[in-house]
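Data file: final-v4.cif. Format and content: mmCIF, C-alpha atoms.
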```cif
data_input
loop_
_atom_site.label_atom_id
_atom_site.label_comp_id
_atom_site.auth_asym_id
_atom_site.auth_seq_id
_atom_site.Cartn_x
_atom_site.Cartn_y
_atom_site.Cartn_z
CA MET K 98 -31.70 -9.18 17.94
CA SER K 99 -31.84 -11.74 15.16
CA ALA K 100 -32.45 -15.38 15.97
CA ALA K 101 -29.62 -17.86 15.72
CA PRO K 102 -29.45 -19.72 12.41
CA PRO K 103 -30.75 -23.28 12.38
CA PRO K 104 -28.22 -26.11 12.59
CA LEU K 105 -26.61 -27.52 9.46
CA ALA K 106 -28.67 -30.69 9.67
CA ALA K 107 -31.85 -28.62 9.28
CA ALA K 108 -30.84 -27.48 5.78
CA SER K 109 -32.40 -29.30 2.83
CA GLY K 110 -30.43 -31.65 0.64
CA ALA K 111 -30.48 -29.20 -2.28
CA ASP K 112 -29.14 -26.40 -0.06
CA LEU K 113 -26.35 -28.64 1.22
CA LEU K 114 -25.42 -29.57 -2.34
CA LEU K 115 -25.51 -26.05 -3.78
CA TRP K 116 -24.14 -24.02 -0.88
CA VAL K 117 -21.78 -26.46 0.86
CA ALA K 118 -20.67 -29.28 -1.45
CA VAL K 119 -20.27 -27.25 -4.66
CA PRO K 120 -18.26 -24.41 -3.05
CA TYR K 121 -15.90 -26.80 -1.25
CA VAL K 122 -15.35 -28.87 -4.40
CA CYS K 123 -14.63 -25.70 -6.40
CA LEU K 124 -12.18 -24.44 -3.76
CA ALA K 125 -10.42 -27.81 -3.69
CA VAL K 126 -10.08 -27.80 -7.49
CA PHE K 127 -8.83 -24.21 -7.29
CA ALA K 128 -6.04 -25.14 -4.85
CA VAL K 129 -5.00 -28.52 -6.29
CA GLY K 130 -5.36 -27.29 -9.87
CA HIS K 131 -2.86 -24.48 -9.33
CA VAL K 132 -0.30 -26.90 -7.94
CA TRP K 133 -0.80 -29.26 -10.87
CA ARG K 134 -0.65 -26.44 -13.42
CA TYR K 135 2.55 -25.04 -11.97
CA ARG K 136 4.24 -28.42 -12.00
CA GLN K 137 3.04 -29.58 -15.40
CA ASP K 138 2.71 -26.43 -17.48
CA GLN K 139 5.05 -23.69 -16.34
CA PHE K 140 5.65 -22.58 -19.93
CA GLY K 141 1.91 -22.08 -20.34
CA TRP K 142 1.68 -19.97 -17.17
CA THR K 143 1.04 -16.82 -19.13
CA SER K 144 -1.73 -14.55 -20.40
CA ARG K 145 -0.84 -15.53 -23.99
CA THR K 146 -0.94 -11.96 -25.23
CA THR K 147 -2.16 -11.24 -28.76
CA GLN K 148 -0.99 -7.65 -28.88
CA LEU K 149 0.96 -8.23 -32.09
CA LEU K 150 -2.19 -9.42 -33.85
CA GLU K 151 -4.39 -6.45 -32.90
CA HIS K 152 -3.74 -3.53 -30.56
CA ARG K 153 -6.38 -0.83 -31.12
CA TRP K 154 -9.17 -2.54 -29.17
CA LEU K 155 -6.66 -4.00 -26.73
CA ARG K 156 -5.31 -0.54 -25.88
CA TRP K 157 -8.69 0.49 -24.47
CA GLY K 158 -10.27 -2.81 -23.49
CA SER K 159 -7.44 -4.19 -21.37
CA PRO K 160 -7.00 -1.15 -19.04
CA LEU K 161 -10.75 -0.79 -18.58
CA PHE K 162 -11.19 -4.46 -17.76
CA HIS K 163 -8.24 -4.70 -15.37
CA LEU K 164 -8.99 -1.45 -13.56
CA GLY K 165 -12.65 -2.41 -13.16
CA ALA K 166 -11.66 -5.91 -12.02
CA PHE K 167 -9.32 -4.58 -9.32
CA MET K 168 -12.07 -2.28 -8.00
CA VAL K 169 -14.68 -5.05 -8.09
CA ILE K 170 -12.39 -7.49 -6.25
CA ALA K 171 -11.60 -4.89 -3.59
CA GLY K 172 -15.30 -4.21 -3.12
CA HIS K 173 -16.08 -7.92 -2.79
CA VAL K 174 -13.31 -8.39 -0.23
CA VAL K 175 -14.74 -5.61 1.93
CA GLY K 176 -18.35 -6.63 1.41
CA LEU K 177 -17.93 -10.37 1.92
CA ALA K 178 -14.97 -10.77 4.25
CA VAL K 179 -15.44 -7.77 6.57
CA PRO K 180 -18.44 -8.03 8.95
CA ASP K 181 -20.74 -5.05 9.20
CA THR K 182 -19.91 -4.72 12.89
CA TRP K 183 -16.30 -3.91 11.95
CA THR K 184 -17.24 -1.11 9.59
CA GLU K 185 -19.66 0.31 12.15
CA ALA K 186 -16.91 0.18 14.79
CA ALA K 187 -14.71 2.14 12.37
CA GLY K 188 -17.32 4.89 12.28
CA ILE K 189 -18.83 3.99 8.89
CA SER K 190 -22.60 3.94 9.07
CA GLU K 191 -24.57 1.30 7.21
CA HIS K 192 -26.15 3.94 4.96
CA ALA K 193 -22.76 5.44 4.06
CA TYR K 194 -21.31 2.01 3.36
CA HIS K 195 -24.15 0.92 1.09
CA SER K 196 -24.24 4.23 -0.78
CA THR K 197 -20.50 4.08 -1.45
CA ALA K 198 -20.61 0.37 -2.32
CA VAL K 199 -23.50 0.77 -4.77
CA TRP K 200 -22.15 3.72 -6.71
CA ALA K 201 -18.46 2.79 -6.64
CA GLY K 202 -19.39 -0.78 -7.51
CA SER K 203 -21.57 0.41 -10.37
CA VAL K 204 -18.73 2.48 -11.85
CA ALA K 205 -16.29 -0.43 -11.46
CA GLY K 206 -18.81 -2.85 -12.95
CA VAL K 207 -19.49 -0.66 -15.97
CA ALA K 208 -15.75 -0.28 -16.61
CA MET K 209 -15.23 -4.02 -16.29
CA VAL K 210 -18.17 -4.86 -18.56
CA ALA K 211 -17.02 -2.33 -21.18
CA GLY K 212 -13.48 -3.69 -21.13
CA LEU K 213 -14.61 -7.31 -21.22
CA GLY K 214 -16.98 -6.50 -24.09
CA MET K 215 -14.15 -4.96 -26.10
CA LEU K 216 -11.86 -7.91 -25.44
CA SER K 217 -14.57 -10.43 -26.33
CA ALA K 218 -15.56 -8.57 -29.52
CA ARG K 219 -11.91 -8.28 -30.46
CA ARG K 220 -11.49 -12.05 -30.09
CA LEU K 221 -14.63 -12.79 -32.12
CA LEU K 222 -14.16 -10.25 -34.91
CA THR K 223 -10.41 -10.56 -35.50
CA ARG K 224 -9.91 -13.73 -37.50
CA ARG K 225 -6.30 -14.37 -36.48
CA ILE K 226 -7.17 -14.07 -32.79
CA ARG K 227 -10.32 -16.16 -33.19
CA LEU K 228 -8.34 -18.98 -34.78
CA GLY K 229 -5.88 -18.89 -31.89
CA THR K 230 -8.59 -19.21 -29.24
CA ASP K 231 -8.15 -22.49 -27.37
CA ARG K 232 -10.67 -24.54 -25.41
CA SER K 233 -9.89 -22.91 -22.07
CA ASP K 234 -10.71 -19.47 -23.51
CA LYS K 235 -14.01 -20.79 -24.85
CA ILE K 236 -14.92 -21.74 -21.30
CA LEU K 237 -13.37 -18.76 -19.55
CA PHE K 238 -14.92 -15.89 -21.50
CA PRO K 239 -18.57 -17.05 -21.24
CA LEU K 240 -18.16 -17.99 -17.57
CA LEU K 241 -16.44 -14.72 -16.70
CA SER K 242 -19.04 -12.74 -18.64
CA ALA K 243 -21.91 -14.55 -16.87
CA THR K 244 -20.37 -13.88 -13.45
CA VAL K 245 -19.83 -10.18 -14.13
CA LEU K 246 -23.21 -9.59 -15.76
CA LEU K 247 -25.09 -11.41 -12.99
CA GLY K 248 -23.34 -9.31 -10.36
CA ILE K 249 -24.12 -6.07 -12.19
CA THR K 250 -27.73 -7.10 -12.76
CA ALA K 251 -28.23 -8.11 -9.12
CA THR K 252 -26.87 -4.78 -7.89
CA ALA K 253 -28.91 -2.75 -10.35
CA ALA K 254 -32.15 -4.68 -9.81
CA HIS K 255 -32.09 -4.68 -6.01
CA ASN K 256 -29.90 -1.80 -4.84
CA VAL K 257 -30.04 0.81 -7.62
CA PHE K 258 -33.59 0.57 -8.96
CA GLY K 259 -35.06 -1.70 -6.29
CA ALA K 260 -35.92 -1.29 -2.64
CA GLY K 261 -32.46 -2.39 -1.52
CA TYR K 262 -31.07 -5.69 -0.29
CA ASP K 263 -28.54 -6.15 2.52
CA TYR K 264 -26.39 -9.02 1.25
CA ARG K 265 -24.01 -8.57 4.20
CA SER K 266 -26.53 -10.21 6.50
CA THR K 267 -27.03 -13.26 4.26
CA VAL K 268 -24.55 -13.87 1.45
CA SER K 269 -21.58 -12.54 3.43
CA VAL K 270 -22.44 -14.70 6.44
CA TRP K 271 -22.57 -17.80 4.23
CA PHE K 272 -19.31 -16.88 2.47
CA ARG K 273 -17.33 -16.34 5.69
CA GLY K 274 -18.76 -19.51 7.18
CA LEU K 275 -17.22 -21.59 4.40
CA PHE K 276 -13.70 -20.46 5.28
CA VAL K 277 -14.04 -21.00 9.02
CA LEU K 278 -15.51 -24.48 8.40
CA GLN K 279 -18.87 -23.46 9.79
CA PRO K 280 -21.04 -23.35 6.67
CA GLU K 281 -24.47 -21.77 6.97
CA PRO K 282 -26.32 -22.69 3.75
CA GLU K 283 -29.56 -21.32 5.13
CA ALA K 284 -28.03 -17.83 5.12
CA ILE K 285 -27.93 -17.71 1.32
CA ALA K 286 -30.87 -20.04 0.64
CA GLY K 287 -33.27 -17.14 1.13
CA ALA K 288 -31.27 -14.62 -0.90
CA PRO K 289 -32.64 -13.31 -4.23
CA LEU K 290 -32.09 -15.58 -7.22
CA LEU K 291 -29.68 -13.18 -8.95
CA PHE K 292 -27.36 -13.16 -5.94
CA GLN K 293 -27.50 -16.95 -5.77
CA LEU K 294 -26.65 -17.35 -9.46
CA HIS K 295 -23.85 -14.81 -9.11
CA ALA K 296 -22.37 -16.78 -6.21
CA LEU K 297 -22.59 -20.11 -8.06
CA THR K 298 -20.97 -18.81 -11.24
CA ALA K 299 -18.23 -17.18 -9.16
CA PHE K 300 -17.33 -20.51 -7.55
CA LEU K 301 -17.41 -22.24 -10.94
CA LEU K 302 -15.01 -19.56 -12.12
CA PHE K 303 -12.73 -20.40 -9.20
CA ALA K 304 -12.78 -24.06 -10.29
CA ALA K 305 -11.88 -23.16 -13.88
CA TRP K 306 -9.23 -20.60 -12.84
CA PRO K 307 -6.14 -22.90 -12.67
CA PHE K 308 -6.73 -24.22 -16.19
CA THR K 309 -7.10 -20.86 -17.93
CA ARG K 310 -5.06 -17.75 -18.63
CA LEU K 311 -6.22 -16.31 -15.29
CA VAL K 312 -3.21 -17.92 -13.60
CA HIS K 313 -1.10 -15.02 -14.86
CA VAL K 314 -2.50 -12.79 -12.09
CA TRP K 315 -0.26 -14.64 -9.60
CA SER K 316 2.78 -13.70 -11.68
CA ALA K 317 2.18 -9.96 -11.70
CA PRO K 318 5.55 -8.16 -11.86
CA ILE K 319 5.29 -6.68 -8.36
CA GLY K 320 9.09 -6.74 -8.13
CA TYR K 321 9.28 -3.92 -10.64
CA LEU K 322 8.03 -1.58 -7.92
CA VAL K 323 11.10 -2.11 -5.73
CA ARG K 324 13.81 -3.23 -8.12
CA PRO K 325 16.80 -0.94 -8.76
CA TYR K 326 16.81 1.24 -11.82
CA LEU K 327 18.49 -0.13 -14.90
CA VAL K 328 21.12 2.12 -16.41
CA TYR K 329 21.54 1.68 -20.14
CA ARG K 330 24.82 2.81 -21.72
CA ARG K 331 25.14 3.56 -25.37
CA ARG K 332 27.49 1.23 -27.16
CA ALA K 333 30.28 3.21 -28.87
CA ALA K 334 33.67 2.51 -30.36
CA PRO K 335 36.36 2.47 -27.65
CA THR K 336 38.55 5.56 -27.61
CA ALA K 337 42.25 5.02 -26.98
CA THR K 338 44.15 7.27 -24.59
CA PRO K 339 47.07 9.36 -25.93
CA GLY K 340 49.59 7.18 -24.13
CA ALA K 341 48.07 4.06 -25.61
CA VAL K 342 48.16 5.58 -29.10
CA GLY K 343 51.85 6.41 -28.70
CA ARG K 344 52.64 2.91 -27.50
CA THR K 345 50.68 1.47 -30.40
CA ARG K 346 52.54 3.57 -32.92
CA GLN K 347 55.86 2.79 -31.31
CA ALA K 348 55.17 -0.89 -31.43
CA SER K 349 54.11 -0.76 -35.07
CA THR K 350 57.15 1.28 -36.22
CA PRO K 351 60.14 -0.96 -37.12
CA ARG K 352 63.45 -0.12 -35.51
CA PRO K 353 66.57 0.46 -37.62
CA GLY K 354 68.10 -2.77 -38.75
CA SER K 355 64.98 -4.77 -38.18
CA ARG K 356 63.05 -6.51 -40.94
CA ARG K 357 59.35 -6.45 -41.55
CA ALA K 358 57.68 -9.74 -41.66
CA ALA K 359 56.86 -10.78 -45.17
#
```
I need this file expressed as structure tokens, please.
Amino acid sequence: MSAAPPPLAAASGADLLLWVAVPYVCLAVFAVGHVWRYRQDQFGWTSRTTQLLEHRWLRWGSPLFHLGAFMVIAGHVVGLAVPDTWTEAAGISEHAYHSTAVWAGSVAGVAMVAGLGMLSARRLLTRRIRLGTDRSDKILFPLLSATVLLGITATAAHNVFGAGYDYRSTVSVWFRGLFVLQPEPEAIAGAPLLFQLHALTAFLLFAAWPFTRLVHVWSAPIGYLVRPYLVYRRRAAPTATPGAVGRTRQASTPRPGSRRAA
């Protein structure tokens, strides 16, 4: 049985700054920034697509990036938010969980890195897109790339080619403690450097999120899944019924003794 973690006061000042103050500041900016962005810049609440400027790289890069991102987010939700006792209670052994997480996460990470690489190269090499890159994109792409690459490198170095590292007993404990207002900075203070850097860049990404194109994920067209079908009718010249034609002809034929209008 593992010993209870030391109290918060026992953590060093650097640990309190990095693993308590910085995450809470980033989460506060994440929440308040979204409210501000929605109130002040609803017309800019978009991904600002550049499909009309270039579509060959976008056709492959965008699906790879988004599919990999969805898989990576799902894996992080399970790995960070779900305690290991829950998965064990569900009949999933620790070995089975880690094997699935490592290989599924590696596939998702490679897809995400490949897609992000295509999108970044497309933005750098296509002059019209490069000229349309604003300041938020210049912050977003490097920060997002650093977060993804650090996560992939940490997994490969410790769990694919290394001896293995159980982040669920350290990083996950620290992460869940932040949201229940019981932070445990000592839980992540002893984690490998790559995992620490990955966590810090992820929270910085959360802080930058409301001010970048990432806000478009909250406007995903989920309603399309349940909306009624649209029926399109071809526009054609109206066809008159035989009775209507007869009435039209009768009305246009002058009666005897009548005069046509000049």
Find the spatial neighbours of Trp154 in chain K, counting only C-alpha atoms, within a cut-off of 9 Å - ignore same-chain residues fewer than 5 positions away - and output them as a PyMOL selection string. chain K and resi 159+215-216+218-219
Which neighbours of Gly110 in chain K fall inside 12 Å, counting all atoms listed in the file, when residues of the same chain fewer than 5 positions from it are skipped, and could you give them as a PyMOL selection string? chain K and resi 105+115-118+282-283+286
Test item: the PyMOL selection byres ((chain K and resi 288) around 10) resolved as a list of chain:residue names: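 For this structure, the PyMOL selection byres ((chain K and resi 288) around 10) captures K:Tyr262, K:Asp263, K:Tyr264, K:Ser266, K:Thr267, K:Val268, K:Glu283, K:Ala284, K:Ile285, K:Ala286, K:Gly287, K:Pro289, K:Leu290, K:Leu291, K:Phe292, K:Gln293.
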Report, in Å with one decimal, the straight-line distance from CA of Lys235 in chain K to CA of Ala254 in chain K. 28.5 Å
So how far away is CA of His195 in chain K from CA of Asp181 in chain K, in Å? 10.6 Å
What's around Arg220 in chain K at 8 Å? Count all atoms listed in the file, leave out sequence neighbours fewer than 6 positions away in its own chain, and write the answer as a ChimeraX atom specification. /K:226-227,230
Those same residues, written as a PDB file, in the coordinates of the input with C-alpha atoms?
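Below you can see part_36.pdb, which holds the result:
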```pdb
ATOM      1  CA  ILE K 226      -7.170 -14.070 -32.790  1.00  0.00           C
ATOM      2  CA  ARG K 227     -10.320 -16.160 -33.190  1.00  0.00           C
ATOM      3  CA  THR K 230      -8.590 -19.210 -29.240  1.00  0.00           C
TER       4      THR K 230
END
```
I need range 119-265 of chain K from the structure I supplied, saved as a short mmCIF file (atom, residue, chain, number, x, y, z; two decimals), in the first residue's frame with C-alpha atoms retained.
```cif
data_model
loop_
_atom_site.label_atom_id
_atom_site.label_comp_id
_atom_site.auth_asym_id
_atom_site.auth_seq_id
_atom_site.Cartn_x
_atom_site.Cartn_y
_atom_site.Cartn_z
CA VAL K 119 0.17 27.89 -13.78
CA PRO K 120 -2.57 25.27 -14.40
CA TYR K 121 -5.22 27.27 -12.53
CA VAL K 122 -4.28 30.50 -14.33
CA CYS K 123 -4.45 28.70 -17.69
CA LEU K 124 -7.84 27.18 -16.86
CA ALA K 125 -9.17 30.57 -15.78
CA VAL K 126 -7.98 32.17 -19.02
CA PHE K 127 -9.53 29.26 -20.93
CA ALA K 128 -12.95 29.84 -19.34
CA VAL K 129 -13.03 33.66 -19.28
CA GLY K 130 -11.40 33.91 -22.70
CA HIS K 131 -14.15 31.88 -24.35
CA VAL K 132 -16.82 34.11 -22.86
CA TRP K 133 -14.99 37.23 -24.01
CA ARG K 134 -14.37 35.81 -27.50
CA TYR K 135 -18.01 34.84 -27.95
CA ARG K 136 -19.22 38.26 -26.91
CA GLN K 137 -16.67 40.33 -28.81
CA ASP K 138 -15.84 38.30 -31.90
CA GLN K 139 -18.69 36.05 -32.97
CA PHE K 140 -17.92 36.67 -36.64
CA GLY K 141 -14.38 35.41 -36.06
CA TRP K 142 -15.63 32.23 -34.35
CA THR K 143 -14.55 30.08 -37.25
CA SER K 144 -11.73 27.87 -38.50
CA ARG K 145 -11.03 30.39 -41.29
CA THR K 146 -10.78 27.72 -43.95
CA THR K 147 -8.34 28.18 -46.83
CA GLN K 148 -9.69 25.38 -48.98
CA LEU K 149 -10.15 27.68 -51.97
CA LEU K 150 -6.46 28.61 -51.89
CA GLU K 151 -5.11 25.04 -51.81
CA HIS K 152 -6.89 21.71 -51.45
CA ARG K 153 -4.51 18.87 -52.35
CA TRP K 154 -2.58 18.86 -49.07
CA LEU K 155 -5.70 19.83 -47.15
CA ARG K 156 -7.58 16.80 -48.49
CA TRP K 157 -5.15 14.45 -46.75
CA GLY K 158 -3.79 16.55 -43.90
CA SER K 159 -7.09 17.65 -42.38
CA PRO K 160 -8.69 14.17 -42.02
CA LEU K 161 -5.48 12.68 -40.64
CA PHE K 162 -5.07 15.47 -38.11
CA HIS K 163 -8.68 15.50 -36.94
CA LEU K 164 -9.01 11.72 -36.72
CA GLY K 165 -5.74 11.45 -34.81
CA ALA K 166 -6.76 14.33 -32.53
CA PHE K 167 -10.09 12.69 -31.65
CA MET K 168 -8.32 9.43 -30.78
CA VAL K 169 -5.64 11.21 -28.75
CA ILE K 170 -8.23 13.22 -26.79
CA ALA K 171 -10.25 10.08 -26.06
CA GLY K 172 -7.12 8.33 -24.84
CA HIS K 173 -6.19 11.25 -22.58
CA VAL K 174 -9.70 11.37 -21.11
CA VAL K 175 -9.50 7.69 -20.17
CA GLY K 176 -5.90 7.85 -19.01
CA LEU K 177 -6.13 11.04 -16.97
CA ALA K 178 -9.73 11.24 -15.78
CA VAL K 179 -10.49 7.55 -15.11
CA PRO K 180 -8.66 6.05 -12.09
CA ASP K 181 -6.94 2.73 -12.56
CA THR K 182 -9.19 1.18 -9.92
CA TRP K 183 -12.19 1.79 -12.20
CA THR K 184 -10.66 0.02 -15.18
CA GLU K 185 -9.59 -2.88 -12.97
CA ALA K 186 -13.14 -3.10 -11.58
CA ALA K 187 -14.37 -3.27 -15.18
CA GLY K 188 -12.21 -6.35 -15.73
CA ILE K 189 -9.40 -4.60 -17.65
CA SER K 190 -6.02 -5.61 -16.31
CA GLU K 191 -3.24 -3.07 -16.00
CA HIS K 192 -1.16 -4.89 -18.60
CA ALA K 193 -4.03 -4.97 -21.10
CA TYR K 194 -4.76 -1.30 -20.52
CA HIS K 195 -1.17 -0.18 -21.01
CA SER K 196 -0.66 -2.36 -24.08
CA THR K 197 -3.79 -0.99 -25.72
CA ALA K 198 -3.00 2.59 -24.68
CA VAL K 199 0.56 2.47 -25.98
CA TRP K 200 -0.17 1.00 -29.40
CA ALA K 201 -3.49 2.76 -30.04
CA GLY K 202 -1.96 6.00 -28.80
CA SER K 203 1.06 5.53 -31.05
CA VAL K 204 -1.15 5.03 -34.13
CA ALA K 205 -3.26 8.07 -33.20
CA GLY K 206 -0.15 10.14 -32.52
CA VAL K 207 1.46 9.24 -35.83
CA ALA K 208 -1.74 10.14 -37.69
CA MET K 209 -1.99 13.44 -35.84
CA VAL K 210 1.67 14.31 -36.42
CA ALA K 211 1.42 13.43 -40.12
CA GLY K 212 -1.71 15.54 -40.54
CA LEU K 213 -0.30 18.46 -38.57
CA GLY K 214 2.92 18.27 -40.59
CA MET K 215 0.99 18.46 -43.85
CA LEU K 216 -1.09 21.39 -42.64
CA SER K 217 1.97 23.25 -41.35
CA ALA K 218 3.96 22.63 -44.55
CA ARG K 219 0.97 23.71 -46.60
CA ARG K 220 0.79 26.98 -44.66
CA LEU K 221 4.53 27.62 -45.02
CA LEU K 222 4.97 26.63 -48.66
CA THR K 223 1.81 28.11 -50.17
CA ARG K 224 2.43 31.83 -50.49
CA ARG K 225 -1.21 32.93 -50.46
CA ILE K 226 -1.90 30.96 -47.29
CA ARG K 227 1.32 32.13 -45.66
CA LEU K 228 0.41 35.77 -46.27
CA GLY K 229 -3.00 35.18 -44.69
CA THR K 230 -1.53 33.70 -41.50
CA ASP K 231 -2.37 35.95 -38.55
CA ARG K 232 -0.65 36.30 -35.19
CA SER K 233 -2.84 33.74 -33.44
CA ASP K 234 -1.84 31.08 -35.98
CA LYS K 235 1.83 31.91 -35.45
CA ILE K 236 1.34 31.09 -31.78
CA LEU K 237 -1.04 28.18 -32.22
CA PHE K 238 0.88 26.02 -34.69
CA PRO K 239 4.22 25.98 -32.80
CA LEU K 240 2.49 25.46 -29.45
CA LEU K 241 0.27 22.69 -30.79
CA SER K 242 3.23 21.04 -32.52
CA ALA K 243 5.31 21.17 -29.32
CA THR K 244 2.49 19.62 -27.28
CA VAL K 245 1.93 16.79 -29.75
CA LEU K 246 5.61 16.03 -30.32
CA LEU K 247 6.40 16.03 -26.59
CA GLY K 248 3.56 13.60 -25.94
CA ILE K 249 4.70 11.27 -28.73
CA THR K 250 8.32 11.47 -27.60
CA ALA K 251 7.43 10.76 -23.96
CA THR K 252 5.39 7.71 -24.92
CA ALA K 253 8.04 6.37 -27.28
CA ALA K 254 10.97 7.00 -24.92
CA HIS K 255 9.41 5.50 -21.80
CA ASN K 256 6.68 3.08 -22.86
CA VAL K 257 7.67 1.86 -26.33
CA PHE K 258 11.46 1.67 -26.23
CA GLY K 259 11.96 2.21 -22.50
CA ALA K 260 11.26 0.17 -19.40
CA GLY K 261 7.76 1.60 -19.04
CA TYR K 262 6.31 4.37 -16.91
CA ASP K 263 2.93 4.32 -15.15
CA TYR K 264 1.73 7.90 -15.53
CA ARG K 265 -1.65 6.96 -14.04
#
```
